file run_31.json (JSON, C-alpha atoms and all ligand atoms)
[["chain", "number", "residue", "atom", "x", "y", "z"],
["A", 1, "MET", "CA", 14.50, 3.89, 37.45],
["A", 2, "PHE", "CA", 17.87, 2.69, 36.13],
["A", 3, "LEU", "CA", 19.31, 4.89, 33.38],
["A", 4, "ALA", "CA", 19.84, 1.59, 31.56],
["A", 5, "VAL", "CA", 16.08, 0.87, 31.60],
["A", 6, "HIS", "CA", 15.27, 4.36, 30.27],
["A", 7, "ALA", "CA", 17.96, 4.02, 27.57],
["A", 8, "LEU", "CA", 16.74, 0.62, 26.34],
["A", 9, "ILE", "CA", 13.06, 1.63, 26.36],
["A", 10, "GLY", "CA", 14.15, 4.71, 24.37],
["A", 11, "ALA", "CA", 15.94, 2.39, 21.94],
["A", 12, "VAL", "CA", 12.81, 0.25, 21.49],
["A", 13, "ALA", "CA", 10.72, 3.40, 20.97],
["A", 14, "GLY", "CA", 13.21, 4.86, 18.48],
["A", 15, "ASN", "CA", 13.29, 1.58, 16.59],
["A", 16, "ALA", "CA", 9.50, 1.49, 16.31],
["A", 17, "VAL", "CA", 8.97, 4.76, 14.44],
["A", 18, "GLN", "CA", 10.02, 6.30, 11.12],
["A", 19, "SER", "CA", 10.83, 9.90, 11.95],
["A", 20, "PRO", "CA", 13.72, 11.15, 14.08],
["A", 21, "THR", "CA", 11.44, 13.68, 15.80],
["A", 22, "ALA", "CA", 8.99, 10.94, 16.74],
["A", 23, "ALA", "CA", 11.89, 8.75, 17.95],
["A", 24, "PHE", "CA", 13.20, 11.46, 20.26],
["A", 25, "SER", "CA", 9.74, 12.48, 21.51],
["A", 26, "LEU", "CA", 8.65, 8.92, 22.22],
["A", 27, "GLY", "CA", 11.88, 8.24, 24.09],
["A", 28, "PHE", "CA", 11.40, 11.44, 26.12],
["A", 29, "ILE", "CA", 7.76, 10.71, 26.97],
["A", 30, "SER", "CA", 8.52, 7.06, 27.80],
["A", 31, "HIS", "CA", 10.79, 8.28, 30.60],
["A", 32, "PHE", "CA", 7.90, 9.72, 32.61],
["A", 33, "PHE", "CA", 5.63, 6.69, 32.26],
["A", 34, "THR", "CA", 8.52, 4.39, 33.23],
["A", 35, "ASP", "CA", 9.41, 6.51, 36.27],
["A", 36, "MET", "CA", 5.80, 6.35, 37.48],
["A", 37, "ILE", "CA", 6.12, 2.61, 38.12],
["A", 38, "PRO", "CA", 7.28, 2.10, 41.74],
["A", 39, "HIS", "CA", 10.90, 0.93, 41.56],
["A", 40, "GLY", "CA", 12.44, 1.26, 45.00],
["A", 41, "ASP", "CA", 14.98, 4.09, 44.64],
["A", 42, "GLU", "CA", 13.10, 6.81, 46.53],
["A", 43, "HIS", "CA", 15.11, 6.37, 49.74],
["A", 44, "MET", "CA", 18.33, 6.42, 47.73],
["A", 45, "TYR", "CA", 17.43, 9.86, 46.42],
["A", 46, "GLU", "CA", 16.32, 11.05, 49.85],
["A", 47, "GLY", "CA", 19.65, 9.86, 51.28],
["A", 48, "TYR", "CA", 21.44, 11.92, 48.64],
["A", 49, "LYS", "CA", 19.29, 15.01, 49.23],
["A", 50, "SER", "CA", 19.69, 14.89, 53.00],
["A", 51, "GLY", "CA", 23.46, 14.50, 52.66],
["A", 52, "ASN", "CA", 23.46, 11.34, 54.79],
["A", 53, "LYS", "CA", 24.14, 8.77, 52.08],
["A", 54, "VAL", "CA", 25.67, 10.77, 49.25],
["A", 55, "MET", "CA", 28.41, 8.24, 48.48],
["A", 56, "ARG", "CA", 25.93, 5.36, 48.30],
["A", 57, "ALA", "CA", 23.80, 7.26, 45.80],
["A", 58, "LEU", "CA", 26.80, 8.28, 43.69],
["A", 59, "VAL", "CA", 28.11, 4.70, 43.54],
["A", 60, "TYR", "CA", 24.61, 3.50, 42.56],
["A", 61, "VAL", "CA", 24.35, 6.07, 39.76],
["A", 62, "GLY", "CA", 27.96, 5.40, 38.67],
["A", 63, "MET", "CA", 27.33, 1.65, 38.37],
["A", 64, "ASP", "CA", 24.09, 2.32, 36.54],
["A", 65, "ALA", "CA", 25.91, 4.65, 34.10],
["A", 66, "VAL", "CA", 28.60, 2.03, 33.39],
["A", 67, "MET", "CA", 25.92, -0.65, 32.87],
["A", 68, "THR", "CA", 24.06, 1.71, 30.50],
["A", 69, "VAL", "CA", 27.18, 2.36, 28.38],
["A", 70, "VAL", "CA", 28.02, -1.36, 28.21],
["A", 71, "LEU", "CA", 24.46, -2.36, 27.26],
["A", 72, "LEU", "CA", 24.24, 0.36, 24.60],
["A", 73, "LEU", "CA", 27.59, -0.74, 23.14],
["A", 74, "VAL", "CA", 26.43, -4.36, 22.99],
["A", 75, "VAL", "CA", 23.08, -3.43, 21.46],
["A", 76, "PHE", "CA", 24.57, -1.11, 18.83],
["A", 77, "LEU", "CA", 27.42, -3.47, 17.92],
["A", 78, "LYS", "CA", 25.29, -6.61, 17.72],
["A", 79, "GLN", "CA", 22.08, -5.30, 16.24],
["A", 80, "ASP", "CA", 21.71, -3.98, 12.72],
["A", 81, "PHE", "CA", 19.00, -1.36, 13.24],
["A", 82, "PHE", "CA", 16.89, -0.09, 10.36],
["A", 83, "SER", "CA", 17.69, 3.44, 11.53],
["A", 84, "PRO", "CA", 20.55, 3.67, 14.04],
["A", 85, "LEU", "CA", 19.93, 7.43, 14.16],
["A", 86, "ASN", "CA", 16.33, 6.95, 15.33],
["A", 87, "VAL", "CA", 17.42, 4.41, 17.93],
["A", 88, "ALA", "CA", 20.12, 6.81, 19.19],
["A", 89, "LEU", "CA", 17.60, 9.67, 19.35],
["A", 90, "GLY", "CA", 15.18, 7.44, 21.28],
["A", 91, "VAL", "CA", 17.97, 6.64, 23.75],
["A", 92, "ILE", "CA", 18.88, 10.33, 24.13],
["A", 93, "GLY", "CA", 15.21, 11.26, 24.62],
["A", 94, "GLY", "CA", 14.84, 8.50, 27.21],
["A", 95, "LEU", "CA", 17.89, 9.63, 29.18],
["A", 96, "LEU", "CA", 17.44, 13.39, 28.87],
["A", 97, "PRO", "CA", 15.00, 13.92, 31.79],
["A", 98, "ASP", "CA", 17.44, 12.31, 34.26],
["A", 99, "LEU", "CA", 20.38, 14.22, 32.73],
["A", 100, "MET", "CA", 18.41, 17.43, 33.33],
["A", 101, "VAL", "CA", 17.70, 16.36, 36.92],
["A", 102, "GLY", "CA", 21.42, 15.64, 37.31],
["A", 103, "LEU", "CA", 22.24, 19.07, 35.92],
["A", 104, "PHE", "CA", 19.83, 20.60, 38.44],
["A", 105, "GLU", "CA", 21.50, 18.73, 41.30],
["A", 106, "ILE", "CA", 24.95, 19.89, 40.17],
["A", 107, "LEU", "CA", 24.04, 23.53, 39.50],
["A", 108, "LYS", "CA", 21.42, 23.94, 42.26],
["A", 109, "PRO", "CA", 20.08, 27.02, 40.46],
["A", 110, "LYS", "CA", 18.71, 29.84, 42.64],
["A", 111, "ARG", "CA", 15.83, 30.77, 40.28],
["A", 112, "ARG", "CA", 17.33, 33.93, 38.84],
["A", 113, "THR", "CA", 17.79, 33.30, 35.14],
["A", 114, "TRP", "CA", 15.24, 31.99, 32.66],
["A", 115, "PHE", "CA", 17.19, 28.75, 32.34],
["A", 116, "ALA", "CA", 17.40, 28.28, 36.11],
["A", 117, "ARG", "CA", 13.63, 28.82, 36.45],
["A", 118, "LYS", "CA", 12.89, 26.30, 33.66],
["A", 119, "LEU", "CA", 15.32, 23.75, 35.09],
["A", 120, "SER", "CA", 13.78, 24.10, 38.56],
["A", 121, "TRP", "CA", 10.31, 23.70, 37.08],
["A", 122, "PHE", "CA", 11.41, 20.61, 35.19],
["A", 123, "HIS", "CA", 13.00, 19.14, 38.30],
["A", 124, "GLY", "CA", 9.76, 19.66, 40.23],
["A", 125, "PHE", "CA", 7.70, 18.11, 37.45],
["A", 126, "HIS", "CA", 10.02, 15.09, 37.24],
["A", 127, "MET", "CA", 9.73, 14.49, 40.99],
["A", 128, "TRP", "CA", 5.95, 14.98, 40.97],
["A", 129, "ASN", "CA", 5.69, 12.33, 38.26],
["A", 130, "HIS", "CA", 8.10, 10.06, 40.13],
["A", 131, "HIS", "CA", 5.92, 10.27, 43.26],
["A", 132, "LEU", "CA", 2.56, 10.01, 41.51],
["A", 133, "LEU", "CA", 2.06, 6.31, 42.26],
["A", 134, "ILE", "CA", 4.64, 5.45, 44.91],
["A", 135, "LYS", "CA", 2.99, 7.72, 47.45],
["A", 136, "HIS", "CA", 0.21, 5.12, 47.54],
["A", 137, "VAL", "CA", 2.58, 2.17, 48.11],
["A", 138, "GLY", "CA", 2.21, 1.30, 51.80],
["A", 139, "LYS", "CA", 3.63, 3.42, 54.59],
["A", 140, "GLU", "CA", 7.16, 3.11, 53.22],
["A", 141, "ARG", "CA", 5.95, 5.07, 50.17],
["A", 142, "ASP", "CA", 7.95, 2.96, 47.74],
["A", 143, "LEU", "CA", 8.82, -0.64, 46.96],
["A", 144, "PRO", "CA", 11.58, -2.16, 49.12],
["A", 145, "PHE", "CA", 14.93, -1.42, 47.47],
["A", 146, "ARG", "CA", 15.78, -5.09, 46.74],
["A", 147, "TYR", "CA", 12.42, -5.71, 45.05],
["A", 148, "GLY", "CA", 13.02, -2.64, 42.93],
["A", 149, "LEU", "CA", 16.46, -3.94, 41.92],
["A", 150, "ALA", "CA", 15.08, -7.39, 41.08],
["A", 151, "MET", "CA", 12.18, -5.97, 39.09],
["A", 152, "GLN", "CA", 14.47, -3.67, 37.10],
["A", 153, "GLY", "CA", 16.88, -6.56, 36.48],
["A", 154, "VAL", "CA", 14.02, -8.60, 34.99],
["A", 155, "VAL", "CA", 12.84, -5.64, 32.89],
["A", 156, "LEU", "CA", 16.38, -5.03, 31.60],
["A", 157, "THR", "CA", 16.77, -8.68, 30.61],
["A", 158, "LEU", "CA", 13.44, -8.63, 28.78],
["A", 159, "LEU", "CA", 14.40, -5.40, 26.99],
["A", 160, "VAL", "CA", 17.74, -6.81, 25.83],
["A", 161, "LYS", "CA", 15.94, -9.93, 24.56],
["A", 162, "LEU", "CA", 13.36, -7.77, 22.81],
["A", 163, "ILE", "CA", 15.98, -5.67, 21.04],
["A", 164, "MET", "CA", 18.45, -8.39, 20.05],
["A", 201, "ZN", "ZN", 13.74, 9.99, 35.84]]

call {"tool": "encode", "arguments": {"input": "run_31.json", "output": "structure tokens", "more": "lines below"}}
Ligand SMILES: [Zn+2]
result
Amino acid sequence: MFLAVHALIGAVAGNAVQSPTAAFSLGFISHFFTDMIPHGDEHMYEGYKSGNKVMRALVYVGMDAVMTVVLLLVVFLKQDFFSPLNVALGVIGGLLPDLMVGLFEILKPKRRTWFARKLSWFHGFHMWNHHLLIKHVGKERDLPFRYGLAMQGVVLTLLVKLIM
């Protein structure tokens, strides 16, 4: 799922609760439920892993990251949150799982240290969760990419409307 979607759902979650711990936890947990929904980026990730379409995946993630920063700037500048700290913690919680996956992809740990073992475990768990439902979606095992993009565009628009 777009980083931007995870960030804005984290913002909504952080805005809905009183405590910073709850804000962060809700944002973090929301990531896994959001990722479960088929969203069309499975082949993008496979292209990256196989080394065939690395550039395509990096451009996709780069554009997503820019969109995330812009949307967060707009949301934080335009909206007077009851607790900006909670909203920020919700956003961080929502993004953290994918940042950890990114860290795993960069470090490619060889399972020697405690940290490497935990990171590998987390990466496996994240992917298991990501595949939980899409493995049942037809023989392509995911939504078509363009449907995924359209669906996430609609969700992003609704989230921005919800927050602002
Ligand atoms: Zn994720």

call {"tool": "residues_near_ligand", "arguments": {"input": "run_31.json", "ligand": "ligand ZN 201 (chain A)", "cutoff": "12 Å", "atoms": "only C-alpha atoms and all ligand atoms", "output": "ChimeraX atom specification"}}
result
/A:1-7,28-39,41-42,45,61,93-102,122-131

call {"tool": "atom_distance", "arguments": {"input": "run_31.json", "atom1": "atom CA of A:Val91", "atom2": "atom CA of A:Phe24"}}
result
7.6 Å

call {"tool": "atom_distance", "arguments": {"input": "run_31.json", "atom1": "atom CA of A:Tyr48", "atom2": "atom CA of A:Leu103"}}
result
14.6 Å

call {"tool": "residues_around", "arguments": {"input": "run_31.json", "residues": "A:Arg141", "least_positions_apart": "2", "cutoff": "12 Å", "atoms": "all atoms listed in the file", "output": "PyMOL selection string"}}
result
chain A and resi 38-43+46+130-139+143-145

call {"tool": "write_last_selection", "arguments": {"input": "run_31.json", "atoms": "C-alpha atoms", "output": "short mmCIF file (atom, residue, chain, number, x, y, z; two decimals), keeping the file's coordinate frame"}}
result
data_model
loop_
_atom_site.label_atom_id
_atom_site.label_comp_id
_atom_site.auth_asym_id
_atom_site.auth_seq_id
_atom_site.Cartn_x
_atom_site.Cartn_y
_atom_site.Cartn_z
CA PRO A 38 7.28 2.10 41.74
CA HIS A 39 10.90 0.93 41.56
CA GLY A 40 12.44 1.26 45.00
CA ASP A 41 14.98 4.09 44.64
CA GLU A 42 13.10 6.81 46.53
CA HIS A 43 15.11 6.37 49.74
CA GLU A 46 16.32 11.05 49.85
CA HIS A 130 8.10 10.06 40.13
CA HIS A 131 5.92 10.27 43.26
CA LEU A 132 2.56 10.01 41.51
CA LEU A 133 2.06 6.31 42.26
CA ILE A 134 4.64 5.45 44.91
CA LYS A 135 2.99 7.72 47.45
CA HIS A 136 0.21 5.12 47.54
CA VAL A 137 2.58 2.17 48.11
CA GLY A 138 2.21 1.30 51.80
CA LYS A 139 3.63 3.42 54.59
CA LEU A 143 8.82 -0.64 46.96
CA PRO A 144 11.58 -2.16 49.12
CA PHE A 145 14.93 -1.42 47.47
#

call {"tool": "closest_residue", "arguments": {"input": "run_31.json", "among": "A:Met44, A:Leu158, A:Leu26, A:Ile92", "to": "A:Arg56", "atoms": "only C-alpha atoms"}}
result
A:Met44

call {"tool": "atom_distance", "arguments": {"input": "run_31.json", "atom1": "atom CA of A:Gly51", "atom2": "atom CA of A:Leu119"}}
result
21.5 Å

call {"tool": "residues_around", "arguments": {"input": "run_31.json", "residues": "stretch 81-84 of chain A", "least_positions_apart": "5", "cutoff": "10 Å", "atoms": "all atoms listed in the file", "output": "ChimeraX atom specification"}}
result
/A:11,14-20,75-76,89-90,163-164

call {"tool": "closest_residue", "arguments": {"input": "run_31.json", "among": "A:Leu159, A:Val69, A:Val87, A:Ala116", "to": "A:Ser25", "atoms": "all atoms listed in the file"}}
result
A:Val87

call {"tool": "build_atoms", "arguments": {"input": "run_31.json", "residues": "stretch 17-41 of chain A", "atoms": "N, CA and C atoms", "output": "mmCIF file, keeping the file's coordinate frame"}}
result
data_model
loop_
_atom_site.group_PDB
_atom_site.id
_atom_site.type_symbol
_atom_site.label_atom_id
_atom_site.label_comp_id
_atom_site.auth_asym_id
_atom_site.auth_seq_id
_atom_site.Cartn_x
_atom_site.Cartn_y
_atom_site.Cartn_z
ATOM 1 N N VAL A 17 9.571 3.673 15.231
ATOM 2 C CA VAL A 17 8.970 4.760 14.440
ATOM 3 C C VAL A 17 9.883 5.161 13.281
ATOM 4 N N GLN A 18 9.300 5.935 12.347
ATOM 5 C CA GLN A 18 10.020 6.300 11.120
ATOM 6 C C GLN A 18 10.791 7.610 11.263
ATOM 7 N N SER A 19 10.209 8.575 11.968
ATOM 8 C CA SER A 19 10.830 9.900 11.950
ATOM 9 C C SER A 19 11.724 10.135 13.170
ATOM 10 N N PRO A 20 12.823 10.843 12.965
ATOM 11 C CA PRO A 20 13.720 11.150 14.080
ATOM 12 C C PRO A 20 13.041 11.952 15.184
ATOM 13 N N THR A 21 12.141 12.874 14.788
ATOM 14 C CA THR A 21 11.440 13.680 15.800
ATOM 15 C C THR A 21 10.563 12.783 16.664
ATOM 16 N N ALA A 22 9.847 11.857 15.999
ATOM 17 C CA ALA A 22 8.990 10.940 16.740
ATOM 18 C C ALA A 22 9.842 10.055 17.651
ATOM 19 N N ALA A 23 11.004 9.611 17.162
ATOM 20 C CA ALA A 23 11.890 8.750 17.950
ATOM 21 C C ALA A 23 12.309 9.461 19.233
ATOM 22 N N PHE A 24 12.757 10.691 19.090
ATOM 23 C CA PHE A 24 13.200 11.460 20.260
ATOM 24 C C PHE A 24 12.036 11.709 21.215
ATOM 25 N N SER A 25 10.892 12.144 20.666
ATOM 26 C CA SER A 25 9.740 12.480 21.510
ATOM 27 C C SER A 25 9.237 11.266 22.267
ATOM 28 N N LEU A 26 9.128 10.147 21.567
ATOM 29 C CA LEU A 26 8.650 8.920 22.220
ATOM 30 C C LEU A 26 9.597 8.501 23.344
ATOM 31 N N GLY A 27 10.886 8.580 23.070
ATOM 32 C CA GLY A 27 11.880 8.240 24.090
ATOM 33 C C GLY A 27 11.705 9.146 25.304
ATOM 34 N N PHE A 28 11.542 10.442 25.051
ATOM 35 C CA PHE A 28 11.400 11.440 26.120
ATOM 36 C C PHE A 28 10.140 11.158 26.956
ATOM 37 N N ILE A 29 9.025 10.946 26.260
ATOM 38 C CA ILE A 29 7.760 10.710 26.970
ATOM 39 C C ILE A 29 7.798 9.393 27.742
ATOM 40 N N SER A 30 8.454 8.380 27.142
ATOM 41 C CA SER A 30 8.520 7.060 27.800
ATOM 42 C C SER A 30 9.159 7.171 29.181
ATOM 43 N N HIS A 31 10.087 8.125 29.328
ATOM 44 C CA HIS A 31 10.790 8.280 30.600
ATOM 45 C C HIS A 31 9.803 8.496 31.751
ATOM 46 N N PHE A 32 8.812 9.353 31.525
ATOM 47 C CA PHE A 32 7.900 9.720 32.610
ATOM 48 C C PHE A 32 6.983 8.574 32.981
ATOM 49 N N PHE A 33 6.505 7.840 31.966
ATOM 50 C CA PHE A 33 5.630 6.690 32.260
ATOM 51 C C PHE A 33 6.424 5.598 32.982
ATOM 52 N N THR A 34 7.697 5.422 32.589
ATOM 53 C CA THR A 34 8.520 4.390 33.230
ATOM 54 C C THR A 34 8.804 4.767 34.684
ATOM 55 N N ASP A 35 9.104 6.045 34.909
ATOM 56 C CA ASP A 35 9.410 6.510 36.270
ATOM 57 C C ASP A 35 8.222 6.387 37.222
ATOM 58 N N MET A 36 7.004 6.441 36.657
ATOM 59 C CA MET A 36 5.800 6.350 37.480
ATOM 60 C C MET A 36 5.680 5.018 38.192
ATOM 61 N N ILE A 37 6.210 3.961 37.561
ATOM 62 C CA ILE A 37 6.120 2.610 38.120
ATOM 63 C C ILE A 37 7.005 2.550 39.369
ATOM 64 N N PRO A 38 6.447 2.153 40.519
ATOM 65 C CA PRO A 38 7.280 2.100 41.740
ATOM 66 C C PRO A 38 8.502 1.207 41.527
ATOM 67 N N HIS A 39 9.701 1.712 41.858
ATOM 68 C CA HIS A 39 10.900 0.930 41.560
ATOM 69 C C HIS A 39 11.969 1.006 42.650
ATOM 70 N N GLY A 40 11.580 1.488 43.835
ATOM 71 C CA GLY A 40 12.440 1.260 45.000
ATOM 72 C C GLY A 40 13.621 2.192 45.238
ATOM 73 N N ASP A 41 13.778 3.261 44.439
ATOM 74 C CA ASP A 41 14.980 4.090 44.640
ATOM 75 C C ASP A 41 14.688 5.423 45.352
#
